[in-house]
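Chemist: For reference, the file my_file05.cif (mmCIF, C-alpha atoms) is included below:
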data_run
#
loop_
_atom_site.group_PDB
_atom_site.id
_atom_site.type_symbol
_atom_site.label_atom_id
_atom_site.label_comp_id
_atom_site.auth_asym_id
_atom_site.auth_seq_id
_atom_site.Cartn_x
_atom_site.Cartn_y
_atom_site.Cartn_z
ATOM 1 C CA MET A 21 15.085 -5.528 3.258
ATOM 2 C CA ASN A 22 15.292 -3.041 0.407
ATOM 3 C CA TYR A 23 14.390 0.585 1.080
ATOM 4 C CA ILE A 24 13.012 3.207 -1.285
ATOM 5 C CA THR A 25 13.799 6.901 -0.828
ATOM 6 C CA LEU A 26 10.661 8.967 -1.385
ATOM 7 C CA ASN A 27 10.597 12.397 -3.028
ATOM 8 C CA ASN A 28 10.672 14.072 0.407
ATOM 9 C CA GLY A 29 13.785 12.173 1.513
ATOM 10 C CA GLU A 30 11.998 9.688 3.801
ATOM 11 C CA LYS A 31 13.013 6.042 3.491
ATOM 12 C CA MET A 32 10.312 3.378 3.093
ATOM 13 C CA PRO A 33 10.666 -0.414 3.161
ATOM 14 C CA GLN A 34 9.967 -1.797 -0.310
ATOM 15 C CA LEU A 35 8.017 -4.779 1.009
ATOM 16 C CA GLY A 36 5.254 -4.358 3.562
ATOM 17 C CA PHE A 37 2.504 -6.160 5.441
ATOM 18 C CA GLY A 38 -1.140 -5.344 4.680
ATOM 19 C CA VAL A 39 -4.056 -6.014 7.016
ATOM 20 C CA TYR A 40 -7.017 -5.626 4.662
ATOM 21 C CA GLN A 41 -9.742 -8.198 5.433
ATOM 22 C CA ILE A 42 -7.892 -9.659 8.410
ATOM 23 C CA PRO A 43 -10.576 -10.144 11.102
ATOM 24 C CA ASN A 44 -10.286 -7.659 13.954
ATOM 25 C CA GLU A 45 -9.807 -10.416 16.504
ATOM 26 C CA GLU A 46 -6.767 -11.681 14.557
ATOM 27 C CA THR A 47 -5.186 -8.363 13.594
ATOM 28 C CA GLU A 48 -3.133 -7.612 16.711
ATOM 29 C CA GLU A 49 -1.485 -11.025 16.631
ATOM 30 C CA ALA A 50 -0.960 -10.872 12.859
ATOM 31 C CA VAL A 51 0.788 -7.495 13.086
ATOM 32 C CA TYR A 52 2.921 -8.684 15.997
ATOM 33 C CA GLN A 53 3.925 -11.856 14.121
ATOM 34 C CA ALA A 54 4.648 -9.816 10.979
ATOM 35 C CA ILE A 55 7.076 -7.666 12.943
ATOM 36 C CA VAL A 56 8.663 -10.787 14.454
ATOM 37 C CA ALA A 57 9.083 -12.152 10.915
ATOM 38 C CA GLY A 58 10.871 -8.974 9.826
ATOM 39 C CA TYR A 59 8.245 -6.659 8.352
ATOM 40 C CA ARG A 60 8.762 -2.995 9.110
ATOM 41 C CA LEU A 61 6.084 -1.491 6.852
ATOM 42 C CA ILE A 62 2.537 -2.041 8.158
ATOM 43 C CA ASP A 63 -0.399 -0.847 6.036
ATOM 44 C CA THR A 64 -3.923 -0.249 7.326
ATOM 45 C CA ALA A 65 -6.809 2.158 6.604
ATOM 46 C CA ILE A 66 -9.727 3.771 8.375
ATOM 47 C CA SER A 67 -12.133 1.766 6.222
ATOM 48 C CA TYR A 68 -10.545 -1.521 7.358
ATOM 49 C CA GLY A 69 -11.836 -0.860 10.866
ATOM 50 C CA ASN A 70 -8.733 -2.296 12.554
ATOM 51 C CA GLU A 71 -6.446 0.664 13.275
ATOM 52 C CA ALA A 72 -6.708 0.091 17.041
ATOM 53 C CA GLU A 73 -5.730 -3.556 16.643
ATOM 54 C CA VAL A 74 -2.802 -2.600 14.407
ATOM 55 C CA GLY A 75 -1.689 -0.119 17.051
ATOM 56 C CA ALA A 76 -1.922 -2.806 19.731
ATOM 57 C CA GLY A 77 0.272 -5.159 17.728
ATOM 58 C CA VAL A 78 2.818 -2.409 17.138
ATOM 59 C CA ALA A 79 2.810 -1.385 20.814
ATOM 60 C CA ARG A 80 3.342 -4.991 21.880
ATOM 61 C CA ALA A 81 6.340 -5.428 19.595
ATOM 62 C CA ILE A 82 7.884 -2.169 20.814
ATOM 63 C CA ALA A 83 7.223 -3.007 24.478
ATOM 64 C CA GLU A 84 8.980 -6.353 24.057
ATOM 65 C CA GLY A 85 12.013 -4.654 22.527
ATOM 66 C CA LEU A 86 11.660 -6.289 19.114
ATOM 67 C CA VAL A 87 11.783 -2.905 17.371
ATOM 68 C CA SER A 88 11.814 0.788 18.149
ATOM 69 C CA ARG A 89 9.129 3.113 16.837
ATOM 70 C CA GLU A 90 11.704 4.572 14.448
ATOM 71 C CA ASP A 91 12.230 1.124 12.891
ATOM 72 C CA LEU A 92 8.616 0.982 11.722
ATOM 73 C CA PHE A 93 6.796 2.614 8.841
ATOM 74 C CA ILE A 94 3.051 2.765 9.567
ATOM 75 C CA THR A 95 0.514 3.685 6.880
ATOM 76 C CA THR A 96 -3.168 4.504 7.113
ATOM 77 C CA LYS A 97 -5.681 5.986 4.669
ATOM 78 C CA LEU A 98 -8.549 8.469 4.776
ATOM 79 C CA PHE A 99 -11.758 7.029 3.318
ATOM 80 C CA VAL A 100 -14.290 8.890 1.169
ATOM 81 C CA ASN A 101 -16.402 10.025 4.132
ATOM 82 C CA ASN A 102 -13.254 11.542 5.696
ATOM 83 C CA VAL A 103 -12.577 13.860 2.750
ATOM 84 C CA PHE A 104 -15.757 15.900 2.526
ATOM 85 C CA ASN A 105 -13.557 18.923 3.262
ATOM 86 C CA GLN A 106 -10.345 19.983 4.960
ATOM 87 C CA GLU A 107 -11.890 19.922 8.429
ATOM 88 C CA THR A 108 -13.238 16.365 8.221
ATOM 89 C CA ALA A 109 -9.860 15.197 6.967
ATOM 90 C CA ALA A 110 -8.030 16.900 9.834
ATOM 91 C CA THR A 111 -10.393 15.272 12.330
ATOM 92 C CA ALA A 112 -9.858 11.868 10.716
ATOM 93 C CA ILE A 113 -6.079 12.216 11.021
ATOM 94 C CA ASP A 114 -6.452 12.971 14.731
ATOM 95 C CA GLU A 115 -8.734 9.967 15.234
ATOM 96 C CA SER A 116 -6.364 7.648 13.383
ATOM 97 C CA MET A 117 -3.435 8.752 15.530
ATOM 98 C CA THR A 118 -5.493 8.067 18.655
ATOM 99 C CA LYS A 119 -6.601 4.616 17.478
ATOM 100 C CA LEU A 120 -3.100 3.666 16.378
ATOM 101 C CA GLY A 121 -1.647 5.008 19.634
ATOM 102 C CA LEU A 122 1.073 6.899 17.766
ATOM 103 C CA THR A 123 2.560 10.370 18.139
ATOM 104 C CA TYR A 124 3.177 10.441 14.389
ATOM 105 C CA ILE A 125 2.137 8.390 11.363
ATOM 106 C CA ASP A 126 4.713 7.619 8.694
ATOM 107 C CA LEU A 127 2.319 7.800 5.741
ATOM 108 C CA VAL A 128 -1.297 8.859 5.270
ATOM 109 C CA LEU A 129 -3.030 8.377 1.911
ATOM 110 C CA LEU A 130 -6.258 9.587 0.349
ATOM 111 C CA HIS A 131 -7.803 6.147 -0.144
ATOM 112 C CA GLN A 132 -9.983 6.892 -3.188
ATOM 113 C CA PRO A 133 -10.036 9.611 -5.890
ATOM 114 C CA TYR A 134 -13.451 10.849 -4.735
ATOM 115 C CA GLY A 135 -14.649 13.723 -2.571
ATOM 116 C CA ASP A 136 -12.852 16.974 -1.795
ATOM 117 C CA THR A 137 -9.409 15.521 -2.337
ATOM 118 C CA TYR A 138 -7.864 18.995 -2.624
ATOM 119 C CA GLY A 139 -9.285 20.102 0.719
ATOM 120 C CA ALA A 140 -8.164 16.867 2.343
ATOM 121 C CA TRP A 141 -4.724 17.350 0.819
ATOM 122 C CA ARG A 142 -4.430 20.699 2.596
ATOM 123 C CA ALA A 143 -5.150 18.917 5.888
ATOM 124 C CA LEU A 144 -2.486 16.323 5.121
ATOM 125 C CA ALA A 145 0.002 19.040 4.177
ATOM 126 C CA THR A 146 -0.615 20.778 7.498
ATOM 127 C CA ALA A 147 -0.142 17.513 9.408
ATOM 128 C CA GLN A 148 3.079 16.912 7.495
ATOM 129 C CA ALA A 149 4.350 20.426 8.172
ATOM 130 C CA ASN A 150 3.880 20.021 11.931
ATOM 131 C CA GLY A 151 5.501 16.576 11.982
ATOM 132 C CA ARG A 152 2.422 14.552 12.869
ATOM 133 C CA VAL A 153 2.583 12.820 9.477
ATOM 134 C CA LYS A 154 5.940 12.134 7.828
ATOM 135 C CA SER A 155 4.786 11.420 4.265
ATOM 136 C CA ILE A 156 1.524 11.936 2.383
ATOM 137 C CA GLY A 157 0.100 10.367 -0.735
ATOM 138 C CA ILE A 158 -2.840 9.139 -2.738
ATOM 139 C CA SER A 159 -4.355 5.800 -3.631
ATOM 140 C CA ASN A 160 -6.267 4.468 -6.640
ATOM 141 C CA PHE A 161 -5.560 7.563 -8.746
ATOM 142 C CA ASP A 162 -4.803 6.575 -12.336
ATOM 143 C CA ALA A 163 -1.893 8.289 -14.083
ATOM 144 C CA ALA A 164 -4.026 11.084 -15.543
ATOM 145 C CA GLN A 165 -5.630 11.821 -12.166
ATOM 146 C CA MET A 166 -2.223 11.675 -10.485
ATOM 147 C CA ILE A 167 -0.784 14.220 -12.929
ATOM 148 C CA GLU A 168 -3.741 16.590 -12.549
ATOM 149 C CA PHE A 169 -3.644 16.312 -8.767
ATOM 150 C CA THR A 170 0.121 16.790 -8.602
ATOM 151 C CA ARG A 171 0.098 19.895 -10.755
ATOM 152 C CA MET A 172 -3.075 21.524 -9.434
ATOM 153 C CA ASN A 173 -3.042 21.032 -5.649
ATOM 154 C CA ASP A 174 -2.668 24.481 -4.140
ATOM 155 C CA VAL A 175 -0.115 23.510 -1.483
ATOM 156 C CA LYS A 176 2.274 22.516 -4.290
ATOM 157 C CA ILE A 177 3.249 19.196 -2.712
ATOM 158 C CA THR A 178 3.835 16.219 -4.977
ATOM 159 C CA PRO A 179 2.383 13.039 -3.466
ATOM 160 C CA GLN A 180 5.089 10.794 -2.107
ATOM 161 C CA ILE A 181 3.093 7.630 -2.896
ATOM 162 C CA ASN A 182 0.279 6.427 -5.133
ATOM 163 C CA GLN A 183 -0.996 3.044 -3.967
ATOM 164 C CA ILE A 184 -2.643 1.244 -6.883
ATOM 165 C CA GLU A 185 -3.500 -2.268 -7.999
ATOM 166 C CA ILE A 186 -0.450 -3.860 -9.622
ATOM 167 C CA ASN A 187 -0.148 -7.585 -10.295
ATOM 168 C CA PRO A 188 0.744 -9.875 -13.215
ATOM 169 C CA TRP A 189 -2.746 -9.419 -14.716
ATOM 170 C CA ASN A 190 -2.727 -5.618 -14.337
ATOM 171 C CA GLN A 191 0.874 -4.506 -14.694
ATOM 172 C CA ARG A 192 0.295 -0.751 -15.173
ATOM 173 C CA LYS A 193 3.341 -0.280 -17.429
ATOM 174 C CA SER A 194 2.251 3.090 -18.801
ATOM 175 C CA ASP A 195 1.136 4.300 -15.371
ATOM 176 C CA LEU A 196 4.514 3.414 -13.857
ATOM 177 C CA ALA A 197 6.316 5.442 -16.517
ATOM 178 C CA TRP A 198 4.227 8.508 -15.641
ATOM 179 C CA HIS A 199 4.836 7.966 -11.930
ATOM 180 C CA GLU A 200 8.569 7.884 -12.568
ATOM 181 C CA LYS A 201 8.391 11.119 -14.557
ATOM 182 C CA TYR A 202 6.572 12.895 -11.722
ATOM 183 C CA HIS A 203 8.686 11.287 -8.955
ATOM 184 C CA VAL A 204 5.673 9.639 -7.313
ATOM 185 C CA GLN A 205 6.477 6.220 -5.868
ATOM 186 C CA ALA A 206 4.068 3.488 -6.958
ATOM 187 C CA GLU A 207 2.925 1.009 -4.311
ATOM 188 C CA ALA A 208 1.109 -2.206 -5.202
ATOM 189 C CA TRP A 209 -1.997 -3.444 -3.451
ATOM 190 C CA ALA A 210 -3.212 -6.965 -4.257
ATOM 191 C CA PRO A 211 0.099 -8.090 -5.830
ATOM 192 C CA PHE A 212 -1.255 -11.654 -5.922
ATOM 193 C CA ALA A 213 -4.649 -10.502 -7.304
ATOM 194 C CA GLU A 214 -6.122 -12.577 -4.459
ATOM 195 C CA GLY A 215 -5.344 -15.643 -6.580
ATOM 196 C CA ARG A 216 -7.673 -14.637 -9.408
ATOM 197 C CA HIS A 217 -7.184 -16.282 -12.816
ATOM 198 C CA ASN A 218 -5.405 -19.150 -11.024
ATOM 199 C CA LEU A 219 -2.345 -17.041 -10.370
ATOM 200 C CA PHE A 220 -0.693 -19.529 -8.013
ATOM 201 C CA THR A 221 -0.849 -22.325 -10.588
ATOM 202 C CA ASN A 222 -0.086 -20.255 -13.669
ATOM 203 C CA PRO A 223 2.321 -22.289 -15.866
ATOM 204 C CA VAL A 224 4.661 -19.374 -16.626
ATOM 205 C CA LEU A 225 4.959 -18.269 -13.007
ATOM 206 C CA SER A 226 5.207 -21.874 -11.801
ATOM 207 C CA GLU A 227 8.035 -22.655 -14.215
ATOM 208 C CA ILE A 228 10.001 -19.615 -13.079
ATOM 209 C CA ALA A 229 9.345 -20.473 -9.441
ATOM 210 C CA GLU A 230 10.557 -24.046 -9.899
ATOM 211 C CA LYS A 231 13.744 -22.856 -11.573
ATOM 212 C CA HIS A 232 14.605 -20.648 -8.589
ATOM 213 C CA GLN A 233 13.246 -23.100 -6.001
ATOM 214 C CA LYS A 234 10.818 -20.440 -4.826
ATOM 215 C CA SER A 235 7.042 -20.147 -4.592
ATOM 216 C CA VAL A 236 4.908 -18.338 -7.165
ATOM 217 C CA GLY A 237 4.175 -15.697 -4.528
ATOM 218 C CA GLN A 238 7.889 -15.090 -4.040
ATOM 219 C CA VAL A 239 8.371 -14.745 -7.800
ATOM 220 C CA VAL A 240 5.579 -12.156 -8.027
ATOM 221 C CA LEU A 241 7.017 -10.126 -5.165
ATOM 222 C CA ARG A 242 10.519 -10.337 -6.638
ATOM 223 C CA TRP A 243 9.112 -9.177 -9.993
ATOM 224 C CA LEU A 244 7.670 -6.098 -8.277
ATOM 225 C CA MET A 245 10.922 -5.391 -6.421
ATOM 226 C CA GLN A 246 12.836 -5.413 -9.710
ATOM 227 C CA ARG A 247 10.312 -3.006 -11.218
ATOM 228 C CA GLY A 248 10.976 -0.558 -8.394
ATOM 229 C CA VAL A 249 7.490 -0.942 -6.917
ATOM 230 C CA VAL A 250 6.690 -1.023 -3.205
ATOM 231 C CA ALA A 251 4.498 -4.064 -2.514
ATOM 232 C CA LEU A 252 2.138 -5.202 0.235
ATOM 233 C CA ALA A 253 1.674 -8.860 1.118
ATOM 234 C CA LYS A 254 -0.881 -10.289 3.531
ATOM 235 C CA SER A 255 -1.024 -13.500 5.532
ATOM 236 C CA THR A 256 -2.005 -14.516 9.047
ATOM 237 C CA LYS A 257 0.382 -17.486 8.951
ATOM 238 C CA PRO A 258 3.887 -16.782 10.331
ATOM 239 C CA GLU A 259 5.510 -19.297 7.980
ATOM 240 C CA ARG A 260 3.953 -17.561 4.961
ATOM 241 C CA MET A 261 5.013 -14.166 6.317
ATOM 242 C CA ARG A 262 8.607 -15.381 6.465
ATOM 243 C CA GLU A 263 8.328 -16.911 3.008
ATOM 244 C CA ASN A 264 7.084 -13.665 1.475
ATOM 245 C CA LEU A 265 10.030 -11.809 2.996
ATOM 246 C CA ASN A 266 12.549 -14.321 1.662
ATOM 247 C CA ILE A 267 12.876 -12.759 -1.784
ATOM 248 C CA PHE A 268 16.154 -10.887 -1.592
ATOM 249 C CA ASP A 269 18.452 -13.829 -2.270
ATOM 250 C CA PHE A 270 17.582 -14.350 -5.951
ATOM 251 C CA GLU A 271 17.012 -12.283 -9.068
ATOM 252 C CA LEU A 272 14.795 -12.783 -12.107
ATOM 253 C CA ALA A 273 16.563 -12.764 -15.458
ATOM 254 C CA ASP A 274 15.514 -10.316 -18.167
ATOM 255 C CA THR A 275 13.982 -13.190 -20.117
ATOM 256 C CA GLU A 276 11.887 -14.155 -17.100
ATOM 257 C CA MET A 277 10.755 -10.561 -16.600
ATOM 258 C CA ASP A 278 9.756 -10.547 -20.286
ATOM 259 C CA LYS A 279 7.728 -13.740 -19.891
ATOM 260 C CA ILE A 280 5.839 -12.250 -16.955
ATOM 261 C CA ALA A 281 5.245 -9.073 -18.974
ATOM 262 C CA GLU A 282 3.373 -11.163 -21.531
ATOM 263 C CA LEU A 283 0.787 -12.112 -18.881
ATOM 264 C CA ASP A 284 -0.559 -8.554 -18.701
ATOM 265 C CA MET A 285 -4.332 -8.409 -19.309
ATOM 266 C CA LYS A 286 -4.309 -4.611 -18.922
ATOM 267 C CA GLU A 287 -7.417 -4.657 -16.768
ATOM 268 C CA SER A 288 -8.265 -4.743 -13.100
ATOM 269 C CA ALA A 289 -8.738 -8.088 -11.440
ATOM 270 C CA PHE A 290 -11.253 -6.369 -9.154
ATOM 271 C CA PHE A 291 -13.054 -3.229 -10.355
ATOM 272 C CA ASP A 292 -12.697 -0.055 -12.401
ATOM 273 C CA HIS A 293 -12.676 3.171 -10.384
ATOM 274 C CA HIS A 294 -14.145 4.945 -13.415
ATOM 275 C CA ASP A 295 -17.176 2.651 -13.533
ATOM 276 C CA PRO A 296 -20.293 4.606 -12.446
ATOM 277 C CA LYS A 297 -21.559 1.547 -10.582
ATOM 278 C CA ILE A 298 -18.356 1.414 -8.541
ATOM 279 C CA VAL A 299 -18.536 5.122 -7.712
ATOM 280 C CA GLU A 300 -22.154 4.620 -6.663
ATOM 281 C CA TRP A 301 -21.132 1.625 -4.533
ATOM 282 C CA PHE A 302 -18.508 3.661 -2.659
ATOM 283 C CA LEU A 303 -20.966 6.484 -2.020
ATOM 284 C CA ASP A 304 -23.633 4.039 -0.850
ATOM 285 C CA ARG A 305 -21.134 2.640 1.647
ATOM 286 C CA ILE A 306 -20.448 6.000 3.294
ATOM 287 C CA GLU A 307 -24.141 6.911 3.418
ATOM 288 C CA THR A 308 -24.883 3.783 5.457
ATOM 289 C CA LYS A 309 -22.079 4.390 7.991
#
Have the structure of the file written as structure tokens, please.
Modeler:
Amino acid sequence: MNYITLNNGEKMPQLGFGVYQIPNEETEEAVYQAIVAGYRLIDTAISYGNEAEVGAGVARAIAEGLVSREDLFITTKLFVNNVFNQETAATAIDESMTKLGLTYIDLVLLHQPYGDTYGAWRALATAQANGRVKSIGISNFDAAQMIEFTRMNDVKITPQINQIEINPWNQRKSDLAWHEKYHVQAEAWAPFAEGRHNLFTNPVLSEIAEKHQKSVGQVVLRWLMQRGVVALAKSTKPERMRENLNIFDFELADTEMDKIAELDMKESAFFDHHDPKIVEWFLDRIETK
């Protein structure tokens, strides 16, 4: 496993396991099997509704001696309804720790660039200062929002992570350059774009995969590793978990990286966080909770 050193000195596995959209009844087993396979970074969120199940899978692996708590890097995220102000964010952190069954969380992110993100950031900074959260960051902030937030938050803490959509169709080349300048580590959600635009049968990716005797998924993850991006992969199948981890025994040539670069559509495979309809959708979700 490769590790990335964050701007606060903490080390983070470069490849992690995400649990978004895994049914609650399958999450504990999926997390346990992911740890068995070799994953050490586990990513969840309050809005996923499965923090307790993630915690159960982690506790099971620790109890069986597969790993120690210190071997693992656990991430969760505060949703929009958790960042109305500093107090609601602090309460959400406490509730996440209880659900996860942890005495500290390795990384907590602000899940969306909406709400009182500055107030919530103060709550995260306090949790980090007292050791209850090791690293803090943001998610779905574009480069301009990341720069503004980094330079204007009143606790003067640069986010350790910005988790954003990065995949062959939305490569975020300019964004990554800005993240490097500000020493904010980029982390990719949906690296496979959930198969959109026939990613797994794309001729360019398939040709590269065949050359290296790897799968298209492995090529995409290797491409992200070589770009210095932390990536999250998801599967409930142990054999696929192991396959996704088996990417550190080959390297893509510069010409292959260039071919993948040509696939960039420069647009989200999912939605635009600046679209008023999307903002409205997020707010409608929290009002119905």
Chemist: Report as a PyMOL selection string the residues that result from applying the PyMOL selection byres ((chain A and resi 247) around 12) to the structure here.
Modeler: chain A and resi 34+186-188+191-193+196-197+200+205-208+240-246+248-251+271-272+274+277-278+280-281
Chemist: Expressed in Å to a single decimal, how great is the separation between CA of Thr25 in chain A and CA of Lys176 in chain A?
Modeler: 19.7 Å
Chemist: Using all atoms listed in the file, find each residue in range 71-139 of chain A having at least one atom no more than 9 Å away from range 149-153 of chain A; report its shortest atom-to-atom pair and that distance in Å (one decimal), rows by chain then rising number, as CSV.
Modeler:
residue,atom,partner,partner_atom,distance
A:Ile113,CA,A:Val153,CA,8.8
A:Met117,CA,A:Arg152,CA,8.7
A:Thr123,CA,A:Arg152,CA,6.7
A:Tyr124,CA,A:Arg152,CA,4.4
A:Ile125,CA,A:Val153,CA,4.8
A:Asp126,CA,A:Val153,CA,5.7
A:Leu127,CA,A:Val153,CA,6.3
A:Val128,CA,A:Val153,CA,7.0
Chemist: Pull the closest atom pair for each residue of range 217-301 of chain A that gets at most 10 Å from range 44-58 of chain A, along with the distance in Å to one decimal, counting all atoms listed in the file, ordering rows by chain and then ascending residue number, as CSV.
Modeler:
residue,atom,partner,partner_atom,distance
A:Lys254,CA,A:Ala54,CA,9.3
A:Ser255,CA,A:Ala50,CA,7.8
A:Thr256,CA,A:Ala50,CA,5.4
A:Lys257,CA,A:Ala50,CA,7.8
A:Pro258,CA,A:Gln53,CA,6.2
A:Glu259,CA,A:Ala57,CA,8.5
A:Arg260,CA,A:Ala57,CA,9.5
A:Met261,CA,A:Ala54,CA,6.4
A:Arg262,CA,A:Ala57,CA,5.5
A:Glu263,CA,A:Ala57,CA,9.3
A:Asn264,CA,A:Ala57,CA,9.8
A:Leu265,CA,A:Gly58,CA,7.4
A:Asn266,CA,A:Gly58,CA,9.9
Chemist: Using CA of Leu26 in chain A and CA of Arg142 in chain A as the two end points, give the distance in Å to one decimal.
Modeler: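 Between these atoms lies a distance of 19.5 Å.
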Chemist: Looking at A:Thr95, A:Gln132, A:Ala109, A:Leu122, which one is nearest to Ile82 in chain A, with distances taken over all atoms listed in the file?
Modeler: A:Leu122
Chemist: Starting from the PyMOL selection byres ((chain A and resi 213-222) around 12), expand the selection into actual residues of this file and give them as a ChimeraX atom specification.
Modeler: /A:40-41,184-191,208-212,223-230,234-241,252-255,279-280,283-285,287-291
Chemist: Nearest residue to Arg80 in chain A out of A:Asp63, A:Ala164, A:Leu129, A:Gly121, using all atoms listed in the file?
Modeler: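 Selected residue with least distance to Arg80 in chain A: A:Gly121.
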Chemist: May I ask which of the residues A:Met166, A:Ala79, A:Leu303, A:Val175 is the closest one to Val204 in chain A, counting only C-alpha atoms?
Modeler: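 The closest residue to Val204 in chain A is A:Met166.
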Chemist: Separation of CA of Pro43 in chain A and CA of Gly69 in chain A, in Å?
Modeler: 9.4 Å
Chemist: Compare A:Ile177, A:Ile298, A:Met32, A:Ala81 by their minimum atom-to-atom distance to Ile94 in chain A, counting all atoms listed in the file, and give me the closest one.
Modeler: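 When distances to Ile94 in chain A are compared using all atoms listed in the file, the smallest one comes from A:Met32.
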Chemist: What do you get, as a ChimeraX atom specification, if you spell out every residue that the PyMOL selection byres ((chain A and resi 167-171) around 10) selects here?
Modeler: /A:133,137-138,141,158,161-166,172-179,198-199,201-202,204
Chemist: Taking C-alpha atoms for each residue, export the selection above as a PDB file, in the coordinates of the input.
Modeler:
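Wrote result18.pdb, looks like this:
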ATOM      1  CA  PRO A 133     -10.036   9.611  -5.890  1.00  0.00           C
ATOM      2  CA  THR A 137      -9.409  15.521  -2.337  1.00  0.00           C
ATOM      3  CA  TYR A 138      -7.864  18.995  -2.624  1.00  0.00           C
ATOM      4  CA  TRP A 141      -4.724  17.350   0.819  1.00  0.00           C
ATOM      5  CA  ILE A 158      -2.840   9.139  -2.738  1.00  0.00           C
ATOM      6  CA  PHE A 161      -5.560   7.563  -8.746  1.00  0.00           C
ATOM      7  CA  ASP A 162      -4.803   6.575 -12.336  1.00  0.00           C
ATOM      8  CA  ALA A 163      -1.893   8.289 -14.083  1.00  0.00           C
ATOM      9  CA  ALA A 164      -4.026  11.084 -15.543  1.00  0.00           C
ATOM     10  CA  GLN A 165      -5.630  11.821 -12.166  1.00  0.00           C
ATOM     11  CA  MET A 166      -2.223  11.675 -10.485  1.00  0.00           C
ATOM     12  CA  MET A 172      -3.075  21.524  -9.434  1.00  0.00           C
ATOM     13  CA  ASN A 173      -3.042  21.032  -5.649  1.00  0.00           C
ATOM     14  CA  ASP A 174      -2.668  24.481  -4.140  1.00  0.00           C
ATOM     15  CA  VAL A 175      -0.115  23.510  -1.483  1.00  0.00           C
ATOM     16  CA  LYS A 176       2.274  22.516  -4.290  1.00  0.00           C
ATOM     17  CA  ILE A 177       3.249  19.196  -2.712  1.00  0.00           C
ATOM     18  CA  THR A 178       3.835  16.219  -4.977  1.00  0.00           C
ATOM     19  CA  PRO A 179       2.383  13.039  -3.466  1.00  0.00           C
ATOM     20  CA  TRP A 198       4.227   8.508 -15.641  1.00  0.00           C
ATOM     21  CA  HIS A 199       4.836   7.966 -11.930  1.00  0.00           C
ATOM     22  CA  LYS A 201       8.391  11.119 -14.557  1.00  0.00           C
ATOM     23  CA  TYR A 202       6.572  12.895 -11.722  1.00  0.00           C
ATOM     24  CA  VAL A 204       5.673   9.639  -7.313  1.00  0.00           C
TER      25      VAL A 204
END
Chemist: For Asp269 in chain A, which residue among A:Gln233, A:Val100, A:Ala83, A:Ser155 is the nearest when counting only C-alpha atoms?
Modeler: A:Gln233
Chemist: Let me make sure I understand: among A:Gln148, A:Ala143, A:Leu130, A:His232, which one has the smallest atom-to-atom distance to Asn182 in chain A if we use only C-alpha atoms?
Modeler: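 Comparing A:Gln148, A:Ala143, A:Leu130, A:His232 against Asn182 in chain A, the winner is A:Leu130.
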Chemist: Using only C-alpha atoms, which residues sit within 9 Å of Phe99 in chain A once same-chain residues fewer than 2 positions away are excluded, as number ranges by chain?
Modeler: A: 65-67, 97, 101-103, 129-132, 306
Chemist: Output: range 40-51 of chain A of the preceding structure, restricted to N, CA and C atoms, written as a PDB file, in the first residue's frame.
Modeler:
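Contents of decode.pdb, as written:
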ATOM      1  N   TYR A  40     -20.459   3.989   0.256  1.00  0.00           N
ATOM      2  CA  TYR A  40     -21.647   4.671  -0.258  1.00  0.00           C
ATOM      3  C   TYR A  40     -22.539   3.701  -1.029  1.00  0.00           C
ATOM      4  N   GLN A  41     -23.832   3.719  -0.693  1.00  0.00           N
ATOM      5  CA  GLN A  41     -24.860   2.900  -1.344  1.00  0.00           C
ATOM      6  C   GLN A  41     -24.744   1.402  -1.062  1.00  0.00           C
ATOM      7  N   ILE A  42     -23.871   0.997  -0.167  1.00  0.00           N
ATOM      8  CA  ILE A  42     -23.903  -0.400   0.270  1.00  0.00           C
ATOM      9  C   ILE A  42     -25.056  -0.535   1.251  1.00  0.00           C
ATOM     10  N   PRO A  43     -25.973  -1.482   1.048  1.00  0.00           N
ATOM     11  CA  PRO A  43     -27.107  -1.637   1.969  1.00  0.00           C
ATOM     12  C   PRO A  43     -26.633  -1.856   3.406  1.00  0.00           C
ATOM     13  N   ASN A  44     -27.368  -1.288   4.346  1.00  0.00           N
ATOM     14  CA  ASN A  44     -26.975  -1.385   5.752  1.00  0.00           C
ATOM     15  C   ASN A  44     -26.730  -2.824   6.188  1.00  0.00           C
ATOM     16  N   GLU A  45     -27.589  -3.736   5.727  1.00  0.00           N
ATOM     17  CA  GLU A  45     -27.474  -5.115   6.167  1.00  0.00           C
ATOM     18  C   GLU A  45     -26.226  -5.808   5.601  1.00  0.00           C
ATOM     19  N   GLU A  46     -25.570  -5.188   4.629  1.00  0.00           N
ATOM     20  CA  GLU A  46     -24.364  -5.762   4.036  1.00  0.00           C
ATOM     21  C   GLU A  46     -23.094  -5.022   4.446  1.00  0.00           C
ATOM     22  N   THR A  47     -23.250  -3.884   5.114  1.00  0.00           N
ATOM     23  CA  THR A  47     -22.093  -3.011   5.348  1.00  0.00           C
ATOM     24  C   THR A  47     -21.090  -3.601   6.314  1.00  0.00           C
ATOM     25  N   GLU A  48     -21.541  -4.149   7.436  1.00  0.00           N
ATOM     26  CA  GLU A  48     -20.599  -4.710   8.410  1.00  0.00           C
ATOM     27  C   GLU A  48     -19.714  -5.766   7.761  1.00  0.00           C
ATOM     28  N   GLU A  49     -20.323  -6.693   7.039  1.00  0.00           N
ATOM     29  CA  GLU A  49     -19.560  -7.752   6.400  1.00  0.00           C
ATOM     30  C   GLU A  49     -18.632  -7.195   5.320  1.00  0.00           C
ATOM     31  N   ALA A  50     -19.119  -6.206   4.566  1.00  0.00           N
ATOM     32  CA  ALA A  50     -18.283  -5.619   3.512  1.00  0.00           C
ATOM     33  C   ALA A  50     -17.049  -4.951   4.101  1.00  0.00           C
ATOM     34  N   VAL A  51     -17.218  -4.208   5.179  1.00  0.00           N
ATOM     35  CA  VAL A  51     -16.078  -3.541   5.818  1.00  0.00           C
ATOM     36  C   VAL A  51     -15.107  -4.571   6.374  1.00  0.00           C
TER      37      VAL A  51
END
